[in-house]
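work_21.cif, holding mmCIF, C-alpha atoms:
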data_run
#
loop_
_atom_site.label_atom_id
_atom_site.label_comp_id
_atom_site.auth_asym_id
_atom_site.auth_seq_id
_atom_site.Cartn_x
_atom_site.Cartn_y
_atom_site.Cartn_z
CA MET E 28 -8.21 34.93 5.06
CA ILE E 29 -5.09 34.59 2.98
CA THR E 30 -3.08 33.64 6.06
CA PHE E 31 -5.71 31.06 6.98
CA LEU E 32 -5.52 29.46 3.52
CA TRP E 33 -1.73 29.60 3.65
CA ARG E 34 -1.74 27.83 7.01
CA CYS E 35 -4.07 25.11 5.68
CA LEU E 36 -1.69 24.63 2.77
CA CYS E 37 1.22 24.37 5.20
CA LEU E 38 -0.77 21.83 7.24
CA VAL E 39 -1.29 19.68 4.13
CA TRP E 40 2.43 19.92 3.36
CA LEU E 41 3.19 18.97 6.99
CA LEU E 42 0.98 15.88 6.63
CA ILE E 43 2.62 14.83 3.36
CA VAL E 44 6.14 15.13 4.81
CA PHE E 45 4.90 13.36 7.92
CA MET E 46 3.63 10.35 5.96
CA ARG E 47 6.99 10.06 4.20
CA ASP E 48 8.81 10.29 7.56
CA LEU E 49 6.52 7.67 9.07
CA VAL E 50 7.33 5.19 6.28
CA VAL E 51 11.08 5.87 6.55
CA SER E 52 11.09 5.49 10.32
CA SER E 53 9.04 2.29 10.25
CA VAL E 54 11.38 0.70 7.72
CA GLN E 55 14.32 1.79 9.87
CA VAL E 56 12.79 0.25 12.99
CA ALA E 57 11.93 -2.91 11.06
CA ARG E 58 15.56 -3.19 9.95
CA ALA E 59 16.83 -2.67 13.50
CA VAL E 60 14.40 -5.25 14.87
CA LEU E 61 14.93 -7.93 12.22
CA SER E 62 18.70 -7.70 11.72
CA PRO E 63 20.40 -10.45 13.77
CA GLY E 64 23.38 -8.38 14.92
CA TYR E 65 21.32 -5.55 16.28
CA ALA E 66 23.70 -2.81 17.41
CA ALA E 67 21.83 0.34 18.26
CA LYS E 68 23.56 3.27 19.92
CA PRO E 69 20.77 5.00 21.81
CA ARG E 70 21.27 8.49 23.14
CA LEU E 71 19.24 10.93 25.21
CA VAL E 72 19.30 14.28 23.46
CA THR E 73 18.07 17.63 24.73
CA ILE E 74 16.62 19.91 22.08
CA PRO E 75 16.04 23.65 22.66
CA LEU E 76 12.62 24.70 21.36
CA THR E 77 11.68 27.78 19.39
CA VAL E 78 7.92 27.08 19.32
CA GLU E 79 6.11 28.55 22.34
CA SER E 80 2.41 27.79 22.07
CA ASP E 81 0.87 24.67 23.61
CA ALA E 82 -0.37 23.46 20.24
CA GLY E 83 3.06 23.99 18.71
CA ILE E 84 4.92 22.09 21.42
CA THR E 85 2.39 19.25 21.28
CA MET E 86 2.69 18.95 17.51
CA VAL E 87 6.49 19.05 17.58
CA ALA E 88 6.60 16.41 20.33
CA ASN E 89 4.17 14.08 18.53
CA LEU E 90 5.89 14.51 15.17
CA ILE E 91 9.28 13.81 16.74
CA THR E 92 7.91 10.55 18.12
CA LEU E 93 6.66 9.42 14.72
CA THR E 94 9.71 10.45 12.66
CA PRO E 95 12.91 8.47 12.09
CA GLY E 96 14.85 7.31 15.12
CA THR E 97 13.46 9.68 17.73
CA LEU E 98 11.00 9.47 20.63
CA THR E 99 9.95 12.37 22.87
CA VAL E 100 10.47 11.54 26.55
CA ASP E 101 9.76 14.80 28.37
CA VAL E 102 9.45 18.56 28.12
CA SER E 103 11.24 20.74 30.65
CA ALA E 104 9.25 22.64 33.28
CA ASP E 105 9.95 26.00 31.63
CA ARG E 106 8.76 24.55 28.29
CA LYS E 107 11.94 25.54 26.48
CA THR E 108 13.64 22.17 26.07
CA LEU E 109 12.56 18.74 24.88
CA LEU E 110 14.18 15.51 26.04
CA VAL E 111 14.35 13.06 23.16
CA HIS E 112 15.47 9.43 22.97
CA ASP E 113 17.27 8.68 19.70
CA LEU E 114 17.62 5.01 18.81
CA LEU E 115 20.55 5.44 16.41
CA ALA E 116 22.25 8.73 17.33
CA GLY E 117 25.53 7.29 18.61
CA ASP E 118 28.10 9.72 19.92
CA SER E 119 26.80 13.13 18.90
CA SER E 120 23.56 15.02 19.54
CA GLU E 121 24.04 17.57 16.78
CA ALA E 122 22.50 15.61 13.90
CA THR E 123 19.32 14.96 15.88
CA ARG E 124 19.10 18.60 17.01
CA GLU E 125 19.59 19.96 13.52
CA GLY E 126 16.99 17.56 12.14
CA VAL E 127 14.37 18.98 14.49
CA ARG E 128 15.47 22.60 14.22
CA GLN E 129 15.57 22.69 10.46
CA GLY E 130 12.98 20.07 9.59
CA ILE E 131 10.08 19.70 11.99
CA GLU E 132 10.03 23.04 13.82
CA PRO E 133 9.83 25.40 10.81
CA ARG E 134 7.05 23.29 9.30
CA VAL E 135 5.05 23.41 12.55
CA LEU E 136 5.75 27.14 13.01
CA ARG E 137 4.28 27.87 9.60
CA VAL E 138 1.02 26.20 10.70
CA THR E 139 0.68 27.44 14.29
CA GLY E 140 2.27 30.86 13.93
CA ARG E 141 4.50 30.68 17.00
CA MET N 29 -7.52 -4.98 -9.35
CA THR N 30 -8.65 -2.98 -6.33
CA GLU N 31 -8.95 -6.18 -4.39
CA THR N 32 -5.42 -7.31 -5.24
CA LEU N 33 -4.06 -3.94 -4.14
CA ALA N 34 -6.06 -4.08 -0.91
CA ASN N 35 -4.80 -7.60 -0.23
CA ALA N 36 -1.21 -6.51 -0.75
CA LEU N 37 -1.70 -3.54 1.59
CA LEU N 38 -3.26 -5.80 4.23
CA LEU N 39 -0.28 -8.14 3.99
CA VAL N 40 2.35 -5.38 4.27
CA GLY N 41 0.36 -3.72 7.05
CA SER N 42 0.19 -6.88 9.11
CA PHE N 43 3.91 -7.42 8.49
CA PHE N 44 4.66 -4.07 10.12
CA CYS N 45 2.34 -4.89 13.03
CA LEU N 46 4.25 -8.16 13.47
CA VAL N 47 7.54 -6.25 13.41
CA ALA N 48 6.17 -3.94 16.11
CA GLY N 49 5.35 -6.99 18.24
CA ILE N 50 8.74 -8.62 17.70
CA GLY N 51 10.41 -5.30 18.47
CA VAL N 52 8.63 -4.96 21.79
CA VAL N 53 9.96 -8.39 22.79
CA ARG N 54 13.42 -8.09 21.31
CA LEU N 55 14.72 -4.57 21.93
CA ASN N 56 16.63 -3.79 25.09
CA ASP N 57 14.88 -1.15 27.16
CA VAL N 58 11.58 0.65 27.56
CA PHE N 59 12.53 3.51 25.25
CA SER N 60 13.69 1.35 22.36
CA ARG N 61 10.55 -0.75 22.73
CA MET N 62 8.41 2.35 22.49
CA HIS N 63 10.15 3.17 19.20
CA ALA N 64 9.06 -0.18 17.76
CA ALA N 65 5.54 -0.05 19.18
CA THR N 66 4.69 3.45 17.94
CA LYS N 67 6.32 3.73 14.53
CA ALA N 68 5.90 0.27 13.06
CA GLY N 69 2.52 -0.12 14.73
CA THR N 70 1.18 3.16 13.36
CA LEU N 71 2.36 2.47 9.81
CA GLY N 72 0.94 -1.06 9.96
CA LEU N 73 -2.44 0.25 11.04
CA ALA N 74 -2.31 3.03 8.42
CA LEU N 75 -1.77 0.50 5.62
CA ILE N 76 -4.57 -1.72 6.92
CA CYS N 77 -6.88 1.33 7.07
CA ILE N 78 -6.06 2.22 3.46
CA ALA N 79 -6.92 -1.34 2.48
CA ILE N 80 -10.26 -1.03 4.30
CA MET N 81 -10.92 2.26 2.49
CA LEU N 82 -10.27 0.60 -0.87
CA LEU N 83 -12.70 -2.21 -0.06
CA ALA N 84 -15.36 0.02 1.53
CA ASP N 85 -18.74 -0.13 -0.17
CA THR N 86 -20.43 2.66 1.78
CA TRP N 87 -19.29 6.13 2.91
CA LEU N 88 -19.77 5.05 6.49
CA HIS N 89 -17.15 2.31 6.21
CA LEU N 90 -14.77 4.73 4.55
CA ALA N 91 -15.23 7.31 7.30
CA GLU N 92 -14.70 4.63 9.94
CA ALA N 93 -11.30 3.75 8.55
CA VAL N 94 -10.30 7.42 8.36
CA PHE N 95 -11.27 7.98 12.00
CA VAL N 96 -9.47 4.84 13.18
CA PHE N 97 -6.30 6.17 11.58
CA LEU N 98 -6.73 9.71 12.95
CA PHE N 99 -7.23 8.46 16.50
CA MET N 100 -4.20 6.18 16.17
CA ILE N 101 -2.00 9.09 15.03
CA ALA N 102 -3.30 11.23 17.87
CA SER N 103 -2.96 8.64 20.64
CA ALA N 104 0.06 6.43 19.87
CA PRO N 105 2.76 9.11 20.32
CA VAL N 106 1.09 10.44 23.47
CA GLY N 107 1.00 6.96 24.99
CA ALA N 108 4.64 6.30 24.12
CA HIS N 109 5.59 9.70 25.49
CA LEU N 110 3.86 9.07 28.83
CA ILE N 111 5.29 5.56 29.24
CA GLY N 112 8.79 6.79 28.39
CA ARG N 113 8.41 9.72 30.77
CA ALA N 114 7.24 7.51 33.64
CA ALA N 115 10.13 5.09 32.99
CA PHE N 116 12.66 7.92 32.93
CA HIS N 117 11.45 9.50 36.17
CA ASN N 118 11.41 6.11 37.93
CA TYR N 119 15.01 5.25 36.96
CA GLN N 120 13.97 2.21 34.96
CA PRO N 121 16.94 0.21 33.62
CA MET N 122 18.33 1.60 30.39
CA ASP N 123 20.33 -0.05 27.63
CA PRO N 124 23.94 0.09 28.96
CA LYS N 125 25.07 1.42 25.58
CA THR N 126 22.87 4.49 26.00
CA GLN N 127 24.72 7.79 26.13
CA ALA N 128 23.10 10.93 27.41
CA ASP N 129 23.51 14.66 27.10
CA PRO N 130 24.63 16.08 30.46
CA GLU N 131 21.64 18.43 30.27
CA SER N 132 19.25 15.48 30.43
CA GLU N 133 19.84 14.78 34.14
CA PRO N 134 17.75 17.71 35.52
CA PHE N 135 14.73 16.25 33.70
CA ARG N 136 14.52 13.53 36.32
CA HIS N 137 13.57 16.01 39.03
CA PRO N 138 11.52 18.62 37.26
CA VAL N 139 11.79 21.92 39.12
CA ARG N 140 8.41 23.58 38.72
CA LEU N 141 8.36 27.32 38.32
CA PRO N 142 6.98 29.23 41.34
CA ASP N 143 4.05 30.55 39.33
CA SER N 144 3.09 27.06 38.16
CA SER N 145 -0.58 26.32 38.56
CA LEU N 146 0.09 22.77 39.74
CA PRO N 147 -0.74 21.82 43.36
CA THR N 148 2.26 21.92 45.71
CA SER N 149 2.17 18.17 46.35
CA GLU N 150 3.57 17.70 42.85
CA LEU N 151 6.44 20.09 43.43
CA VAL N 152 8.42 17.69 45.59
CA ALA N 153 10.58 15.24 43.67
CA GLU N 154 11.42 12.00 45.42
CA PRO N 155 14.37 10.49 43.62
CA SER N 156 15.58 7.82 46.06
CA HIS N 157 12.65 5.46 46.43
CA LYS N 158 9.87 4.43 44.12
CA SER N 159 6.84 6.62 44.23
CA PRO N 160 3.78 4.97 45.84
CA ASP N 161 1.50 5.91 42.98
CA ASP N 162 3.45 3.84 40.51
CA PRO N 163 1.43 3.98 37.27
CA ASP N 164 -0.07 0.53 36.92
CA ASN N 165 -2.95 0.29 34.53
CA GLY N 166 -3.06 -3.50 34.48
#
Since I need it in another form, could you write the structure as structure tokens?
Amino acid sequence: MITFLWRCLCLVWLLIVFMRDLVVSSVQVARAVLSPGYAAKPRLVTIPLTVESDAGITMVANLITLTPGTLTVDVSADRKTLLVHDLLAGDSSEATREGVRQGIEPRVLRVTGR
Amino acid sequence: MTETLANALLLVGSFFCLVAGIGVVRLNDVFSRMHAATKAGTLGLALICIAIMLLADTWLHLAEAVFVFLFMIASAPVGAHLIGRAAFHNYQPMDPKTQADPESEPFRHPVRLPDSSLPTSELVAEPSHKSPDDPDNG
């Protein structure tokens, strides 16, 4: 019972952070679209996953799509890696990877359990 | 007061929807366009839904707006994901400035695990020519 309530609380927190991310990413996209000298540096990034359940992977993939700069393209056949398109990553994949590993994944794990 | 706030939200919301439209026309490749269509589009619709909730005079109208928003959140990323996936597997042209992790190449020909429950016809990847069942939903 306590775990259930805790998970609901985590879900609410996930939604709050998600709304903030959605606003940030939309403003970012709006800036990229409306600035005349648009110079994006897109990059395809592979991200190793720690979540294992179907629900977890689905939530991570959907949240990645709606958070700043990133769009999920595919999940590997063994379900251990996500392929992500980052609009502004430039030369390095690390920042994108860390953002998912330390931001989105722990928040989803707290809701789904694994 | 409520009405002024709702009007402002409607205006900002439609601005983001407009940005989503401009982005789809202006950005360089399928993936970048999906960025514009999902993010700006979802936020625009969210703001418009909040405006509708503020102006709602019955619970039914309020619930309608909530459901519109929930379905948008659930469906927009999935749609973008599927379009991007189809484009990637079909070697659609990509922004020449795009860089890629070396590990991203195997994603084009997904090797299914032997114990996969999928039918064997899906196990064969055909990289050289376009697949006959090109997704075309009109």
Using only C-alpha atoms, I'd like a table of the residues in stretch 80-140 of chain N that come within 6 Å of stretch 57-71 of chain N; for each, show the closest atom pair and its distance in Å rounded to one decimal, ordered by chain and ascending number, as a Markdown table.
| residue | atom | partner | partner_atom | distance |
| --- | --- | --- | --- | --- |
| N:Ala104 | CA | N:Thr66 | CA | 5.8 |
| N:Ala108 | CA | N:Met62 | CA | 5.7 |
| N:Gly112 | CA | N:Phe59 | CA | 5.9 |
| N:Met122 | CA | N:Asp57 | CA | 5.5 |
| N:Asp123 | CA | N:Asp57 | CA | 5.6 |
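Interatomic distance, atom CA of E:Val102 against atom CA of E:Ser80: 13.1 Å.
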For E:Cys37, work out the shell of residues within 12 Å, counting only C-alpha atoms and skipping chain neighbours fewer than 4 positions away, then give it as a list of chain:residue names.
->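 Final neighbour list, sorted by chain and number: E:Thr30, E:Phe31, E:Leu32, E:Trp33, E:Leu41, E:Leu42, E:Ile43, E:Val44, E:Phe45, E:Pro133, E:Arg134, E:Val135, E:Leu136, E:Arg137, E:Val138, E:Thr139, E:Gly140.
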Point-to-point distance from atom CA of E:Gly126 to atom CA of E:Asp81, Å rounded to tenths = 21.0 Å
Would you mind telling me which residue in N:Gln120, N:Pro105, N:Glu31, N:Glu133 lies nearest to E:Met86 when using all atoms listed in the file?
->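 Of the candidates, the smallest distance to E:Met86 is held by N:Pro105.
Computed from the coordinates, the atom CA of E:Gln55 to atom CA of N:Ile50 distance equals 14.2 Å.
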Would you kindly report the residues of chain E within 8 Å of chain N, using only C-alpha atoms, as JSON, numbers by chain?
-> {"E": [49, 50, 52, 53, 54, 56, 57, 60, 61, 68, 69, 70, 71, 72, 73, 89, 92, 93, 94, 96, 97, 98, 99, 100, 101, 103, 104, 105, 110, 112, 114, 117, 118, 120]}
